[in-house]
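Raw contents of structure18.pdb, PDB, C-alpha atoms:
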ATOM      1  CA  MET A  14      47.529  15.443 -61.399  1.00  0.00           C
ATOM      2  CA  ASP A  15      46.471  18.348 -59.148  1.00  0.00           C
ATOM      3  CA  ALA A  16      43.080  18.537 -60.884  1.00  0.00           C
ATOM      4  CA  MET A  17      42.449  14.861 -60.172  1.00  0.00           C
ATOM      5  CA  VAL A  18      43.332  15.256 -56.470  1.00  0.00           C
ATOM      6  CA  GLU A  19      41.122  18.325 -56.239  1.00  0.00           C
ATOM      7  CA  GLN A  20      38.249  16.439 -57.850  1.00  0.00           C
ATOM      8  CA  ARG A  21      38.549  13.524 -55.400  1.00  0.00           C
ATOM      9  CA  TRP A  22      38.793  15.919 -52.455  1.00  0.00           C
ATOM     10  CA  ALA A  23      35.701  17.771 -53.634  1.00  0.00           C
ATOM     11  CA  LEU A  24      33.786  14.507 -54.103  1.00  0.00           C
ATOM     12  CA  LYS A  25      34.688  13.354 -50.583  1.00  0.00           C
ATOM     13  CA  ASN A  26      33.573  16.692 -49.139  1.00  0.00           C
ATOM     14  CA  VAL A  27      30.264  16.548 -51.034  1.00  0.00           C
ATOM     15  CA  ILE A  28      29.614  13.027 -49.724  1.00  0.00           C
ATOM     16  CA  LEU A  29      30.512  14.062 -46.173  1.00  0.00           C
ATOM     17  CA  VAL A  30      28.275  17.140 -46.302  1.00  0.00           C
ATOM     18  CA  ALA A  31      25.389  15.061 -47.701  1.00  0.00           C
ATOM     19  CA  PHE A  32      25.811  12.473 -44.924  1.00  0.00           C
ATOM     20  CA  VAL A  33      25.907  15.112 -42.180  1.00  0.00           C
ATOM     21  CA  ALA A  34      22.868  16.835 -43.693  1.00  0.00           C
ATOM     22  CA  ALA A  35      20.943  13.540 -43.772  1.00  0.00           C
ATOM     23  CA  VAL A  36      21.783  12.864 -40.115  1.00  0.00           C
ATOM     24  CA  LEU A  37      20.721  16.373 -39.079  1.00  0.00           C
ATOM     25  CA  VAL A  38      17.449  16.115 -40.998  1.00  0.00           C
ATOM     26  CA  SER A  39      16.634  12.749 -39.388  1.00  0.00           C
ATOM     27  CA  TYR A  40      17.357  14.131 -35.907  1.00  0.00           C
ATOM     28  CA  ALA A  41      15.247  17.209 -36.607  1.00  0.00           C
ATOM     29  CA  ALA A  42      12.380  15.031 -37.818  1.00  0.00           C
ATOM     30  CA  ARG A  43      12.531  12.883 -34.679  1.00  0.00           C
ATOM     31  CA  TYR A  44      12.878  15.911 -32.384  1.00  0.00           C
ATOM     32  CA  SER A  45       9.767  17.483 -33.874  1.00  0.00           C
ATOM     33  CA  THR A  46       7.653  14.454 -32.847  1.00  0.00           C
ATOM     34  CA  LEU A  47       8.782  14.312 -29.196  1.00  0.00           C
ATOM     35  CA  GLN A  48       6.371  15.298 -26.452  1.00  0.00           C
ATOM     36  CA  PHE A  49       7.417  18.121 -24.185  1.00  0.00           C
ATOM     37  CA  GLY A  50       5.828  19.223 -20.964  1.00  0.00           C
ATOM     38  CA  PRO A  51       4.769  17.106 -17.999  1.00  0.00           C
ATOM     39  CA  LEU A  52       5.519  13.413 -18.222  1.00  0.00           C
ATOM     40  CA  PRO A  53       2.412  11.229 -18.320  1.00  0.00           C
ATOM     41  CA  GLN A  54       3.929   8.835 -15.779  1.00  0.00           C
ATOM     42  CA  GLY A  55       6.311   9.085 -12.900  1.00  0.00           C
ATOM     43  CA  ILE A  56       6.763   9.929  -9.282  1.00  0.00           C
ATOM     44  CA  ALA A  57       4.818  13.190  -9.470  1.00  0.00           C
ATOM     45  CA  LYS A  58       1.706  11.407 -10.707  1.00  0.00           C
ATOM     46  CA  GLN A  59      -1.100  11.466  -8.140  1.00  0.00           C
ATOM     47  CA  GLU A  60      -1.218   7.665  -7.944  1.00  0.00           C
ATOM     48  CA  SER A  61       2.499   7.548  -7.084  1.00  0.00           C
ATOM     49  CA  VAL A  62       2.116  10.282  -4.473  1.00  0.00           C
ATOM     50  CA  ASP A  63      -0.797   8.346  -2.944  1.00  0.00           C
ATOM     51  CA  LEU A  64       1.324   5.179  -2.827  1.00  0.00           C
ATOM     52  CA  PHE A  65       4.253   6.893  -1.088  1.00  0.00           C
ATOM     53  CA  ARG A  66       1.897   8.600   1.381  1.00  0.00           C
ATOM     54  CA  PHE A  67       0.138   5.295   2.160  1.00  0.00           C
ATOM     55  CA  VAL A  68       3.422   3.441   2.686  1.00  0.00           C
ATOM     56  CA  LYS A  69       4.795   6.138   5.013  1.00  0.00           C
ATOM     57  CA  ALA A  70       1.572   6.411   7.018  1.00  0.00           C
ATOM     58  CA  THR A  71       0.568   2.767   7.422  1.00  0.00           C
ATOM     59  CA  THR A  72       3.715   0.649   7.386  1.00  0.00           C
ATOM     60  CA  ASP A  73       6.521   0.230   9.874  1.00  0.00           C
ATOM     61  CA  PRO A  74       9.919   1.722   8.997  1.00  0.00           C
ATOM     62  CA  ALA A  75      11.390  -1.785   9.400  1.00  0.00           C
ATOM     63  CA  ASP A  76       9.101  -3.251   6.714  1.00  0.00           C
ATOM     64  CA  VAL A  77      10.708  -4.444   3.494  1.00  0.00           C
ATOM     65  CA  PHE A  78       9.045  -4.193   0.076  1.00  0.00           C
ATOM     66  CA  VAL A  79       9.419  -5.907  -3.264  1.00  0.00           C
ATOM     67  CA  PHE A  80       8.561  -3.373  -5.955  1.00  0.00           C
ATOM     68  CA  SER A  81       9.499  -2.771  -9.567  1.00  0.00           C
ATOM     69  CA  ARG A  82      10.764   0.731  -8.656  1.00  0.00           C
ATOM     70  CA  PRO A  83      12.619   0.093  -5.393  1.00  0.00           C
ATOM     71  CA  ARG A  84      14.792   3.225  -5.422  1.00  0.00           C
ATOM     72  CA  ALA A  85      11.785   5.503  -5.826  1.00  0.00           C
ATOM     73  CA  LEU A  86      10.028   3.802  -2.919  1.00  0.00           C
ATOM     74  CA  ALA A  87      13.124   4.030  -0.735  1.00  0.00           C
ATOM     75  CA  LEU A  88      13.619   7.693  -1.572  1.00  0.00           C
ATOM     76  CA  PHE A  89      10.046   8.946  -1.314  1.00  0.00           C
ATOM     77  CA  ALA A  90       8.627   6.618   1.343  1.00  0.00           C
ATOM     78  CA  GLY A  91      11.724   5.937   3.419  1.00  0.00           C
ATOM     79  CA  ARG A  92      11.351   2.167   3.298  1.00  0.00           C
ATOM     80  CA  ARG A  93      13.742  -0.602   2.313  1.00  0.00           C
ATOM     81  CA  ALA A  94      12.832  -2.080  -1.050  1.00  0.00           C
ATOM     82  CA  SER A  95      14.132  -4.516  -3.615  1.00  0.00           C
ATOM     83  CA  ALA A  96      13.294  -5.376  -7.188  1.00  0.00           C
ATOM     84  CA  PRO A  97      11.995  -8.917  -7.691  1.00  0.00           C
ATOM     85  CA  SER A  98      14.328 -11.700  -8.683  1.00  0.00           C
ATOM     86  CA  ARG A  99      12.466 -13.063 -11.685  1.00  0.00           C
ATOM     87  CA  SER A 100      12.590 -16.803 -12.176  1.00  0.00           C
ATOM     88  CA  ALA A 101      10.480 -19.432 -13.864  1.00  0.00           C
ATOM     89  CA  ASP A 102      10.261 -21.110 -10.448  1.00  0.00           C
ATOM     90  CA  PRO A 103       8.123 -18.909  -8.154  1.00  0.00           C
ATOM     91  CA  CYS A 104       9.595 -20.616  -5.073  1.00  0.00           C
ATOM     92  CA  ARG A 105      12.869 -18.883  -5.861  1.00  0.00           C
ATOM     93  CA  LEU A 106      11.162 -15.507  -5.409  1.00  0.00           C
ATOM     94  CA  TRP A 107       9.567 -16.753  -2.187  1.00  0.00           C
ATOM     95  CA  GLN A 108      13.003 -17.880  -0.982  1.00  0.00           C
ATOM     96  CA  TYR A 109      14.511 -14.494  -1.868  1.00  0.00           C
ATOM     97  CA  MET A 110      11.645 -12.705  -0.090  1.00  0.00           C
ATOM     98  CA  ARG A 111      12.202 -14.863   3.002  1.00  0.00           C
ATOM     99  CA  GLU A 112      15.957 -14.094   2.960  1.00  0.00           C
ATOM    100  CA  ILE A 113      15.454 -10.321   2.878  1.00  0.00           C
ATOM    101  CA  ARG A 114      12.370 -10.473   5.162  1.00  0.00           C
ATOM    102  CA  VAL A 115       9.838  -8.961   2.759  1.00  0.00           C
ATOM    103  CA  THR A 116       6.557  -7.905   4.345  1.00  0.00           C
ATOM    104  CA  TYR A 117       4.855  -6.232   1.349  1.00  0.00           C
ATOM    105  CA  VAL A 118       4.702  -6.657  -2.417  1.00  0.00           C
ATOM    106  CA  ILE A 119       3.664  -3.790  -4.695  1.00  0.00           C
ATOM    107  CA  THR A 120       2.398  -4.641  -8.163  1.00  0.00           C
ATOM    108  CA  GLY A 121       1.839  -2.442 -11.189  1.00  0.00           C
ATOM    109  CA  PRO A 122      -1.032  -2.083 -13.647  1.00  0.00           C
ATOM    110  CA  GLU A 123      -2.047  -4.877 -16.012  1.00  0.00           C
ATOM    111  CA  PRO A 124      -0.843  -4.841 -18.693  1.00  0.00           C
ATOM    112  CA  ASP A 125       2.342  -2.853 -18.233  1.00  0.00           C
ATOM    113  CA  ARG A 126       4.385  -3.617 -21.304  1.00  0.00           C
ATOM    114  CA  PHE A 127       7.072  -1.128 -20.280  1.00  0.00           C
ATOM    115  CA  ASN A 128       7.709  -2.580 -16.828  1.00  0.00           C
ATOM    116  CA  GLU A 129       8.235  -6.328 -16.909  1.00  0.00           C
ATOM    117  CA  ASP A 130       9.025  -6.500 -13.181  1.00  0.00           C
ATOM    118  CA  ALA A 131       5.623  -4.982 -12.329  1.00  0.00           C
ATOM    119  CA  LEU A 132       3.896  -7.432 -14.645  1.00  0.00           C
ATOM    120  CA  TYR A 133       5.856 -10.347 -13.139  1.00  0.00           C
ATOM    121  CA  LEU A 134       4.821  -9.280  -9.626  1.00  0.00           C
ATOM    122  CA  ARG A 135       1.166  -8.921 -10.689  1.00  0.00           C
ATOM    123  CA  ARG A 136       1.178 -12.502 -11.997  1.00  0.00           C
ATOM    124  CA  PHE A 137       3.066 -13.745  -8.946  1.00  0.00           C
ATOM    125  CA  VAL A 138       0.524 -12.263  -6.534  1.00  0.00           C
ATOM    126  CA  SER A 139      -2.354 -13.609  -8.644  1.00  0.00           C
ATOM    127  CA  GLN A 140      -0.831 -17.088  -8.585  1.00  0.00           C
ATOM    128  CA  PHE A 141      -0.505 -17.007  -4.779  1.00  0.00           C
ATOM    129  CA  SER A 142      -3.522 -14.859  -3.918  1.00  0.00           C
ATOM    130  CA  ASN A 143      -4.272 -16.859  -0.736  1.00  0.00           C
ATOM    131  CA  ASP A 144      -0.828 -15.989   0.620  1.00  0.00           C
ATOM    132  CA  PHE A 145      -1.278 -12.205   0.402  1.00  0.00           C
ATOM    133  CA  ARG A 146      -3.680  -9.687   1.933  1.00  0.00           C
ATOM    134  CA  HIS A 147      -4.687  -6.799  -0.307  1.00  0.00           C
ATOM    135  CA  VAL A 148      -4.205  -3.540   1.626  1.00  0.00           C
ATOM    136  CA  MET A 149      -4.260  -0.694  -0.913  1.00  0.00           C
ATOM    137  CA  ALA A 150      -4.872  -0.050  -4.600  1.00  0.00           C
ATOM    138  CA  ASN A 151      -5.289   2.766  -7.047  1.00  0.00           C
ATOM    139  CA  GLN A 152      -5.281   2.990 -10.834  1.00  0.00           C
ATOM    140  CA  ASP A 153      -1.521   2.309 -11.057  1.00  0.00           C
ATOM    141  CA  VAL A 154      -0.479   0.095  -8.155  1.00  0.00           C
ATOM    142  CA  ALA A 155      -1.702  -2.437  -5.626  1.00  0.00           C
ATOM    143  CA  VAL A 156      -0.080  -3.178  -2.264  1.00  0.00           C
ATOM    144  CA  TYR A 157      -0.230  -6.642  -0.706  1.00  0.00           C
ATOM    145  CA  ARG A 158       0.906  -7.758   2.730  1.00  0.00           C
ATOM    146  CA  VAL A 159       2.666 -11.118   2.799  1.00  0.00           C
ATOM    147  CA  GLU A 160       0.619 -13.434   5.013  1.00  0.00           C
ATOM    148  CA  ARG A 161       2.472 -16.729   4.556  1.00  0.00           C
ATOM    149  CA  ASN A 162       5.130 -18.303   2.402  1.00  0.00           C
ATOM    150  CA  PRO A 163       3.834 -21.421   0.646  1.00  0.00           C
ATOM    151  CA  CYS A 164       7.398 -22.450  -0.249  1.00  0.00           C
ATOM    152  CA  ALA A 165       8.805 -22.161   3.282  1.00  0.00           C
ATOM    153  CA  PRO A 166      10.658 -25.239   4.522  1.00  0.00           C
ATOM    154  CA  GLY A 167       8.354 -27.591   6.370  1.00  0.00           C
ATOM    155  CA  ARG A 168       5.158 -26.358   4.660  1.00  0.00           C
ATOM    156  CA  PRO A 169       3.133 -28.879   2.646  1.00  0.00           C
ATOM    157  CA  GLY A 170       4.075 -28.709  -1.036  1.00  0.00           C
ATOM    158  CA  SER A 171       7.287 -26.785  -0.389  1.00  0.00           C
ATOM    159  CA  PRO A 172      10.593 -27.989  -1.805  1.00  0.00           C
TER     160      PRO A 172
END

structure tokens encoding of this file:
Amino acid sequence: MDAMVEQRWALKNVILVAFVAAVLVSYAARYSTLQFGPLPQGIAKQESVDLFRFVKATTDPADVFVFSRPRALALFAGRRASAPSRSADPCRLWQYMREIRVTYVITGPEPDRFNEDALYLRRFVSQFSNDFRHVMANQDVAVYRVERNPCAPGRPGSP
């Protein structure tokens, strides 16, 4: 009886050790392919620094922005910012922008498959290009001043 229990115990330990070894090998394989060093994107990138500098230098502290990275803009440029409320109906975004008194929209690069909010804003601005004034751009971002709200109550074609 003791030999049988020992054999089962040994088999369970062998299976456990094999499982742990497989997990460790898979983690080691993944770790070996990771990139280390400076990140290719982010707030330290020259394009981001240029954006924050432009916003601080040319906009009023009371201005409000819609941007896919609102916390970064608030932290590094000292401006109020919000992420877009994405909807199939663009008038809902216009309504939201009117409610929070947005004066600028910042879009991201096309295509940006990792940042759906930036892509949504790029398409939104393209759809309503006559309602924005382009004020700044670099390789990563474009800044647009809101000129008019086509979905404002009382405007032709508004709900």

Q | Picked residues, the PyMOL selection byres ((chain A and resi 129-146) around 10), expected as a PyMOL selection string | A | chain A and resi 79-82+96-100+103+106-107+116-128+147-149+154-163

Q: Identify, on the basis of all atoms listed in the file, every residue whose closest approach to A:Ala85 does not exceed 12 Å; exclude the query and any residue fewer than 2 positions from it along the same chain; express the result as a PyMOL selection string.
A: chain A and resi 55-57+61-62+64-65+78-83+87-96

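Put simply, atom CA of A:Val77 is 9.1 Å away from atom CA of A:Met110.
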
Q) Hey, which of A:Ala70, A:Val38, A:Val27, A:Cys104 ends up closest to A:Pro166? Count only C-alpha atoms. A) A:Cys104

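Between atom CA of A:Ala150 and atom CA of A:Tyr109 lies a distance of 24.3 Å.
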
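Here atom CA of A:Ala165 stands at a distance of 7.4 Å from atom CA of A:Gln108.
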